[in-house]
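With TSV, C-alpha atoms inside, this is start.tsv:
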```tsv
chain	number	residue	atom	x	y	z
A	1	MET	CA	-3.24	25.08	12.10
A	2	LEU	CA	-0.65	22.46	13.04
A	3	GLN	CA	2.95	22.85	11.89
A	4	GLN	CA	6.08	20.76	12.37
A	5	ALA	CA	9.50	20.26	10.85
A	6	ASN	CA	9.44	18.20	7.65
A	7	ALA	CA	9.70	14.54	8.67
A	8	GLY	CA	7.91	12.95	5.73
A	9	PRO	CA	4.23	12.36	4.94
A	10	GLY	CA	3.82	9.54	7.46
A	11	ALA	CA	4.89	11.71	10.39
A	12	ALA	CA	2.75	14.64	9.17
A	13	ARG	CA	-0.33	12.42	8.91
A	14	ASN	CA	0.34	11.00	12.37
A	15	THR	CA	0.44	14.52	13.83
A	16	GLY	CA	-3.00	15.18	12.38
A	17	ILE	CA	-4.33	11.83	13.58
A	18	ASN	CA	-3.03	12.42	17.12
A	19	ALA	CA	-4.64	15.87	17.23
A	20	SER	CA	-8.05	14.60	16.12
A	21	ARG	CA	-10.72	13.11	18.36
A	22	SER	CA	-13.37	11.81	15.96
A	23	GLU	CA	-14.54	8.24	15.49
A	24	PHE	CA	-13.30	8.28	11.90
A	25	VAL	CA	-10.04	9.60	10.46
A	26	ALA	CA	-9.93	10.94	6.89
A	27	MET	CA	-6.74	11.23	4.81
A	28	LEU	CA	-6.55	14.18	2.40
A	29	ASP	CA	-3.16	15.02	0.88
A	30	ALA	CA	-2.24	18.27	-0.87
A	31	ASP	CA	-2.39	16.65	-4.32
A	32	ASP	CA	-5.89	15.20	-3.75
A	33	GLU	CA	-9.30	16.82	-4.24
A	34	TRP	CA	-12.64	15.50	-3.02
A	35	ALA	CA	-16.09	15.79	-4.51
A	36	PRO	CA	-18.44	17.66	-2.09
A	37	THR	CA	-20.23	14.46	-1.03
A	38	ARG	CA	-17.21	12.14	-0.78
A	39	LEU	CA	-16.62	12.33	2.99
A	40	GLU	CA	-20.36	12.05	3.67
A	41	ARG	CA	-20.65	8.95	1.47
A	42	CYS	CA	-17.69	7.23	3.11
A	43	ILE	CA	-18.91	7.93	6.66
A	44	GLU	CA	-22.43	6.76	5.77
A	45	MET	CA	-20.98	3.43	4.63
A	46	LEU	CA	-18.87	3.06	7.79
A	47	GLU	CA	-21.88	3.83	10.00
A	48	ARG	CA	-24.14	1.49	8.08
A	49	ASP	CA	-21.64	-1.42	8.23
A	50	VAL	CA	-19.86	-1.39	11.59
A	51	GLY	CA	-17.62	-4.26	10.46
A	52	LEU	CA	-15.84	-2.12	7.86
A	53	THR	CA	-12.32	-1.05	8.77
A	54	PHE	CA	-11.87	1.65	6.15
A	55	VAL	CA	-13.55	3.04	3.04
A	56	THR	CA	-12.11	4.71	-0.02
A	57	THR	CA	-13.39	5.65	-3.47
A	58	THR	CA	-12.21	5.58	-7.03
A	59	ALA	CA	-10.27	8.70	-8.09
A	60	VAL	CA	-9.63	10.40	-11.41
A	61	ILE	CA	-5.92	10.80	-12.21
A	62	VAL	CA	-5.05	14.18	-13.74
A	63	ASP	CA	-1.84	15.96	-14.71
A	64	GLU	CA	-0.72	19.31	-13.32
A	65	ALA	CA	-2.82	21.12	-15.93
A	66	GLY	CA	-5.92	19.22	-14.82
A	67	LEU	CA	-6.05	16.98	-17.89
A	68	ASP	CA	-7.65	13.58	-17.28
A	69	LEU	CA	-4.93	10.98	-17.91
A	70	GLY	CA	-7.48	8.28	-18.67
A	71	PHE	CA	-7.10	5.92	-15.75
A	72	ARG	CA	-8.51	5.69	-12.24
A	73	ALA	CA	-6.95	5.04	-8.85
A	74	GLY	CA	-8.76	2.22	-7.08
A	75	GLU	CA	-10.54	0.89	-10.16
A	76	LYS	CA	-8.99	-2.57	-9.64
A	77	PHE	CA	-10.15	-2.79	-6.02
A	78	PRO	CA	-11.77	-6.25	-5.65
A	79	SER	CA	-15.03	-6.37	-3.73
A	80	ALA	CA	-15.29	-10.14	-3.26
A	81	SER	CA	-13.55	-10.61	0.12
A	82	THR	CA	-10.66	-9.49	2.28
A	83	GLU	CA	-8.73	-12.59	1.21
A	84	ARG	CA	-9.08	-11.58	-2.43
A	85	LEU	CA	-8.07	-8.01	-1.62
A	86	LEU	CA	-5.01	-9.25	0.29
A	87	SER	CA	-4.00	-11.40	-2.69
A	88	VAL	CA	-4.16	-8.36	-4.96
A	89	MET	CA	-2.41	-6.12	-2.42
A	90	ALA	CA	0.44	-8.64	-2.18
A	91	HIS	CA	1.16	-7.72	-5.81
A	92	HIS	CA	0.42	-3.99	-5.91
A	93	ASN	CA	-1.44	-1.27	-4.05
A	94	VAL	CA	-5.02	-0.84	-5.29
A	95	VAL	CA	-6.19	1.34	-2.39
A	96	PHE	CA	-6.40	5.05	-3.15
A	97	THR	CA	-4.46	6.93	-0.45
A	98	SER	CA	-7.36	9.17	0.50
A	99	CYS	CA	-9.18	6.78	2.85
A	100	VAL	CA	-11.60	7.21	5.74
A	101	VAL	CA	-10.50	4.87	8.53
A	102	ARG	CA	-12.16	3.77	11.74
A	103	ARG	CA	-10.11	5.17	14.63
A	104	SER	CA	-10.42	1.95	16.64
A	105	ALA	CA	-8.59	0.12	13.83
A	106	LEU	CA	-5.73	2.64	13.92
A	107	GLU	CA	-5.55	2.21	17.68
A	108	THR	CA	-5.20	-1.55	17.11
A	109	VAL	CA	-2.29	-1.45	14.64
A	110	GLY	CA	-0.85	2.03	15.07
A	111	ALA	CA	-0.78	4.81	12.48
A	112	PHE	CA	1.67	5.45	9.62
A	113	ALA	CA	5.20	4.08	10.02
A	114	PRO	CA	7.42	7.20	9.85
A	115	GLU	CA	10.66	5.47	8.83
A	116	ARG	CA	12.40	6.95	5.79
A	117	LEU	CA	12.83	3.41	4.49
A	118	LEU	CA	9.07	3.37	3.76
A	119	LEU	CA	8.92	6.83	2.14
A	120	GLY	CA	6.67	6.46	-0.88
A	121	ALA	CA	4.92	3.34	0.44
A	122	GLU	CA	3.91	4.32	3.98
A	123	ASP	CA	0.23	4.29	2.99
A	124	TYR	CA	0.57	0.84	1.36
A	125	GLU	CA	2.23	-0.53	4.50
A	126	LEU	CA	-0.57	0.82	6.71
A	127	TRP	CA	-3.31	-0.64	4.49
A	128	LEU	CA	-1.61	-4.04	4.76
A	129	ARG	CA	-1.51	-3.80	8.56
A	130	LEU	CA	-5.17	-2.79	8.71
A	131	LEU	CA	-6.29	-5.55	6.34
A	132	LEU	CA	-4.36	-8.16	8.34
A	133	ILE	CA	-6.41	-7.43	11.48
A	134	PRO	CA	-8.52	-10.57	12.06
A	135	GLY	CA	-11.97	-9.92	10.65
A	136	ALA	CA	-10.97	-6.66	8.93
A	137	ARG	CA	-12.90	-5.56	5.84
A	138	ALA	CA	-12.52	-2.62	3.48
A	139	ALA	CA	-14.76	-1.14	0.81
A	140	ASN	CA	-14.32	1.01	-2.25
A	141	ILE	CA	-17.10	3.22	-3.60
A	142	ALA	CA	-16.66	2.65	-7.32
A	143	GLU	CA	-17.38	6.24	-8.29
A	144	PRO	CA	-14.80	8.94	-9.15
A	145	LEU	CA	-15.40	11.03	-6.04
A	146	ALA	CA	-11.83	12.31	-5.85
A	147	ARG	CA	-9.04	13.61	-8.07
A	148	TYR	CA	-5.35	12.86	-7.72
A	149	THR	CA	-2.88	15.22	-9.41
A	150	MET	CA	0.11	13.32	-10.73
A	151	GLY	CA	2.89	15.91	-10.80
A	152	SER	CA	6.64	15.60	-11.28
A	153	ALA	CA	7.26	17.14	-7.85
A	154	GLY	CA	5.19	14.53	-6.02
A	155	ILE	CA	6.68	11.62	-4.10
A	156	SER	CA	5.15	9.08	-6.47
A	157	LEU	CA	7.26	10.28	-9.40
A	158	SER	CA	10.23	12.06	-7.81
A	159	ASP	CA	12.25	8.89	-7.13
A	160	PRO	CA	10.77	5.70	-8.63
A	161	ALA	CA	13.69	3.53	-7.49
A	162	ARG	CA	13.25	4.64	-3.88
A	163	ASN	CA	9.51	4.05	-4.10
A	164	GLU	CA	10.11	0.53	-5.38
A	165	ARG	CA	12.49	-0.19	-2.50
A	166	ALA	CA	9.86	1.14	-0.08
A	167	ARG	CA	7.19	-1.09	-1.61
A	168	LEU	CA	9.44	-4.14	-1.25
A	169	GLU	CA	10.21	-3.17	2.35
A	170	ALA	CA	6.47	-3.01	3.12
A	171	LEU	CA	6.06	-6.46	1.58
A	172	ARG	CA	9.07	-7.80	3.48
A	173	ARG	CA	7.52	-6.75	6.79
A	174	HIS	CA	4.20	-8.46	6.11
A	175	ALA	CA	4.96	-11.29	3.64
A	176	ASP	CA	4.77	-14.02	6.27
A	177	ALA	CA	1.40	-12.81	7.59
A	178	LEU	CA	0.13	-12.44	4.02
A	179	ALA	CA	1.28	-15.97	3.14
A	180	LYS	CA	-0.60	-17.36	6.14
A	181	ARG	CA	-3.74	-15.83	4.62
A	182	GLY	CA	-2.93	-17.39	1.23
A	183	ALA	CA	-1.65	-14.14	-0.29
A	184	TYR	CA	1.85	-14.55	-1.73
A	185	CYS	CA	3.87	-11.74	-3.24
A	186	ARG	CA	5.00	-12.06	-6.84
A	187	PRO	CA	7.97	-14.40	-7.36
A	188	GLY	CA	10.11	-11.59	-8.74
A	189	ASP	CA	9.43	-9.45	-5.66
A	190	ALA	CA	10.24	-12.37	-3.37
A	191	VAL	CA	13.56	-12.95	-5.15
A	192	GLU	CA	14.43	-9.23	-4.95
A	193	ILE	CA	13.78	-9.24	-1.20
A	194	ALA	CA	15.79	-12.46	-0.83
A	195	LEU	CA	18.77	-11.03	-2.73
A	196	THR	CA	18.70	-7.90	-0.59
A	197	ALA	CA	18.61	-10.05	2.54
A	198	LEU	CA	21.60	-12.04	1.29
A	199	SER	CA	23.55	-8.85	0.64
A	200	ARG	CA	22.92	-7.92	4.27
A	201	ARG	CA	23.82	-11.43	5.49
A	202	ARG	CA	20.30	-12.21	6.66
A	203	VAL	CA	20.44	-15.80	5.46
A	204	ARG	CA	17.32	-17.09	7.20
A	205	GLU	CA	15.21	-14.30	5.72
A	206	ALA	CA	16.71	-14.89	2.28
A	207	LEU	CA	15.83	-18.58	2.43
A	208	GLN	CA	12.27	-17.73	3.47
A	209	PHE	CA	11.73	-15.46	0.46
A	210	PHE	CA	13.44	-17.84	-1.95
A	211	GLY	CA	10.95	-20.38	-0.58
A	212	PHE	CA	8.01	-18.07	-1.30
A	213	ALA	CA	9.23	-17.58	-4.88
A	214	ARG	CA	9.80	-21.29	-5.42
A	215	LEU	CA	6.32	-22.16	-4.12
A	216	VAL	CA	4.51	-19.72	-6.43
A	217	LEU	CA	6.63	-20.65	-9.43
A	218	ARG	CA	5.99	-24.34	-8.85
A	219	ARG	CA	2.24	-23.65	-8.86
A	220	GLU	CA	2.59	-21.70	-12.10
A	221	GLY	CA	4.89	-24.24	-13.74
A	222	ARG	CA	7.73	-21.78	-14.23
A	223	PRO	CA	11.47	-22.33	-13.57
A	224	PHE	CA	12.87	-21.02	-10.29
A	225	VAL	CA	16.60	-21.01	-11.04
A	226	ARG	CA	16.19	-18.97	-14.22
A	227	LEU	CA	14.33	-16.24	-12.33
A	228	VAL	CA	16.97	-16.04	-9.60
A	229	ILE	CA	19.85	-15.87	-12.09
A	230	GLY	CA	18.05	-13.26	-14.19
A	231	ARG	CA	17.34	-11.03	-11.19
A	232	ALA	CA	20.92	-11.37	-9.92
A	233	ARG	CA	22.34	-10.41	-13.31
A	234	ARG	CA	20.06	-7.39	-13.54
A	235	ARG	CA	21.26	-6.24	-10.12
A	236	VAL	CA	24.91	-6.51	-11.21
A	237	ARG	CA	24.25	-4.53	-14.40
A	238	SER	CA	22.45	-1.76	-12.51
A	239	ARG	CA	25.40	-1.08	-10.23
```

Could you rewrite the structure in this file as structure tokens?
Amino acid sequence: MLQQANAGPGAARNTGINASRSEFVAMLDADDEWAPTRLERCIEMLERDVGLTFVTTTAVIVDEAGLDLGFRAGEKFPSASTERLLSVMAHHNVVFTSCVVRRSALETVGAFAPERLLLGAEDYELWLRLLLIPGARAANIAEPLARYTMGSAGISLSDPARNERARLEALRRHADALAKRGAYCRPGDAVEIALTALSRRRVREALQFFGFARLVLRREGRPFVRLVIGRARRRVRSR
């Protein structure tokens, strides 16, 4: 059994990845459970379609007592194309964390980013990197072959504000590459990133994200200035 000092989930997963030697890498966190056939089904799909980068499945969400909470992780995963998936991922993560990934893809982009700034969204950031590989494709088996326990002690609920900052940081890192594929982040997210950049005196980056927000809002026929003012006021009130 491998052990190391606590450095976050990304670093722990990387230790496991580095110690493995198989063609495929499977992610299984402590708060996840798999159906007996889940790994077999995912590997069968990867072997049958050598162009797939990673495979996941739908998962039942339960509370700490095992009660089904009535919604499914991965149920909004689009199957049409990578471009469609990127467009959805630019808004929110629809990939269940427990994926089976082709090792060659991880060798292309690297594994999980261990920075604390991404704590709570390190999986989301990796899925974006993998999906942005030219020609990458992912698949979701639309069957509840896993269970995810949503507990108060888990990272997903322990600090929602930190998780939101991590999600925006993942978007910030890949927004330009996403935009080049026609996948723009939500205008509100773009403005939040722009305001953060301004507060850190990164003017060029702020202008880029204001530009993303303006472009999407123009397409949707919504006012740009009102959104910026509203987001700025909300930031002031939250301090």

Given all atoms listed in the file as the counted atoms, nearest of A:Asp63, A:Glu220, A:Asp68, A:Glu75 to A:Glu143: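 Of the candidates, the smallest distance to A:Glu143 is held by A:Glu75.
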
Identify, on the basis of only C-alpha atoms, every residue whose closest approach to A:Arg167 does not exceed 9 Å; exclude the query and any residue fewer than 5 positions from it along the same chain; express the result as a PyMOL selection string. chain A and resi 92-93+118-122+124-125+162+172

Which distance in Å separates atom CA of A:Lys76 and atom CA of A:Asp123, to one decimal?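 Those two atoms sit 17.1 Å apart.
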
Residues within 12 Å of A:Ser238, all atoms listed in the file, excluding chain neighbours under 6 positions, as a PyMOL selection string: chain A and resi 161+231-232

Restricted to C-alpha atoms, what would the selected residues look like written as a tab-separated table (two decimals), in the frame of the given file?
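Okay, result02.tsv is ready:
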```
chain	number	residue	atom	x	y	z
A	161	ALA	CA	13.69	3.53	-7.49
A	231	ARG	CA	17.34	-11.03	-11.19
A	232	ALA	CA	20.92	-11.37	-9.92
```

Contact residues around A:Ala30 with all atoms listed in the file at 12 Å, ignoring same-chain residues under 3 positions, as a list in words: Pro9, Ala12, Arg13, Met27, Glu33, Trp34, Thr97, Ser98, Arg147, Tyr148, Thr149, Met150, Gly151, Ala153, Gly154 and Ile155 of chain A

Kindly give the distance, in Å, that separates atom CA of A:Ala26 and atom CA of A:Leu39, rounded to a single decimal.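 According to the coordinates, atom CA of A:Ala26 and atom CA of A:Leu39 are separated by 7.9 Å.
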
Could you pull the residues within 12 Å of A:Leu178, counting all atoms listed in the file, minus those fewer than 4 positions along the same chain, as a list in words? Thr82, Glu83, Arg84, Leu85, Leu86, Ser87, Val88, Met89, Ala90, His91, Leu128, Arg129, Leu130, Leu131, Leu132, Ile133, Pro134, Ala170, Leu171, Arg172, Arg173, His174, Gly182, Ala183, Tyr184, Cys185, Arg186 and Phe212 of chain A

Can I get the selection written as a PDB file, in the coordinates of the input, with C-alpha atoms?
```pdb
ATOM      1  CA  THR A  82     -10.660  -9.490   2.280  1.00  0.00           C
ATOM      2  CA  GLU A  83      -8.730 -12.590   1.210  1.00  0.00           C
ATOM      3  CA  ARG A  84      -9.080 -11.580  -2.430  1.00  0.00           C
ATOM      4  CA  LEU A  85      -8.070  -8.010  -1.620  1.00  0.00           C
ATOM      5  CA  LEU A  86      -5.010  -9.250   0.290  1.00  0.00           C
ATOM      6  CA  SER A  87      -4.000 -11.400  -2.690  1.00  0.00           C
ATOM      7  CA  VAL A  88      -4.160  -8.360  -4.960  1.00  0.00           C
ATOM      8  CA  MET A  89      -2.410  -6.120  -2.420  1.00  0.00           C
ATOM      9  CA  ALA A  90       0.440  -8.640  -2.180  1.00  0.00           C
ATOM     10  CA  HIS A  91       1.160  -7.720  -5.810  1.00  0.00           C
ATOM     11  CA  LEU A 128      -1.610  -4.040   4.760  1.00  0.00           C
ATOM     12  CA  ARG A 129      -1.510  -3.800   8.560  1.00  0.00           C
ATOM     13  CA  LEU A 130      -5.170  -2.790   8.710  1.00  0.00           C
ATOM     14  CA  LEU A 131      -6.290  -5.550   6.340  1.00  0.00           C
ATOM     15  CA  LEU A 132      -4.360  -8.160   8.340  1.00  0.00           C
ATOM     16  CA  ILE A 133      -6.410  -7.430  11.480  1.00  0.00           C
ATOM     17  CA  PRO A 134      -8.520 -10.570  12.060  1.00  0.00           C
ATOM     18  CA  ALA A 170       6.470  -3.010   3.120  1.00  0.00           C
ATOM     19  CA  LEU A 171       6.060  -6.460   1.580  1.00  0.00           C
ATOM     20  CA  ARG A 172       9.070  -7.800   3.480  1.00  0.00           C
ATOM     21  CA  ARG A 173       7.520  -6.750   6.790  1.00  0.00           C
ATOM     22  CA  HIS A 174       4.200  -8.460   6.110  1.00  0.00           C
ATOM     23  CA  GLY A 182      -2.930 -17.390   1.230  1.00  0.00           C
ATOM     24  CA  ALA A 183      -1.650 -14.140  -0.290  1.00  0.00           C
ATOM     25  CA  TYR A 184       1.850 -14.550  -1.730  1.00  0.00           C
ATOM     26  CA  CYS A 185       3.870 -11.740  -3.240  1.00  0.00           C
ATOM     27  CA  ARG A 186       5.000 -12.060  -6.840  1.00  0.00           C
ATOM     28  CA  PHE A 212       8.010 -18.070  -1.300  1.00  0.00           C
TER      29      PHE A 212
END
```

Let me make sure I understand: among A:Ala19, A:Val94, A:Leu126, A:Val62, which one has the smallest atom-to-atom distance to A:Pro78 if we use all atoms listed in the file?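 Closest to A:Pro78 of all the choices is A:Val94.
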
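Taking atom CA of A:Cys42 and atom CA of A:Asn163 as the two end points, the separation is 28.3 Å.
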
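With only C-alpha atoms as the atoms that count, the minimum distance from A:Val95 to the choices A:Gly66, A:Pro187, A:Gly74, A:Gly221 is reached by A:Gly74.
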
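Minimum atom-to-atom distances from A:Phe210, A:Arg116, A:Ile193, A:Thr53 to A:Arg137 were compared using all atoms listed in the file, and the lowest value belongs to A:Thr53.
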
Looking at all atoms listed in the file, which of A:Phe96, A:Phe224, A:Phe54, A:Phe24 is the one that sits closest to A:Ala136? A:Phe54
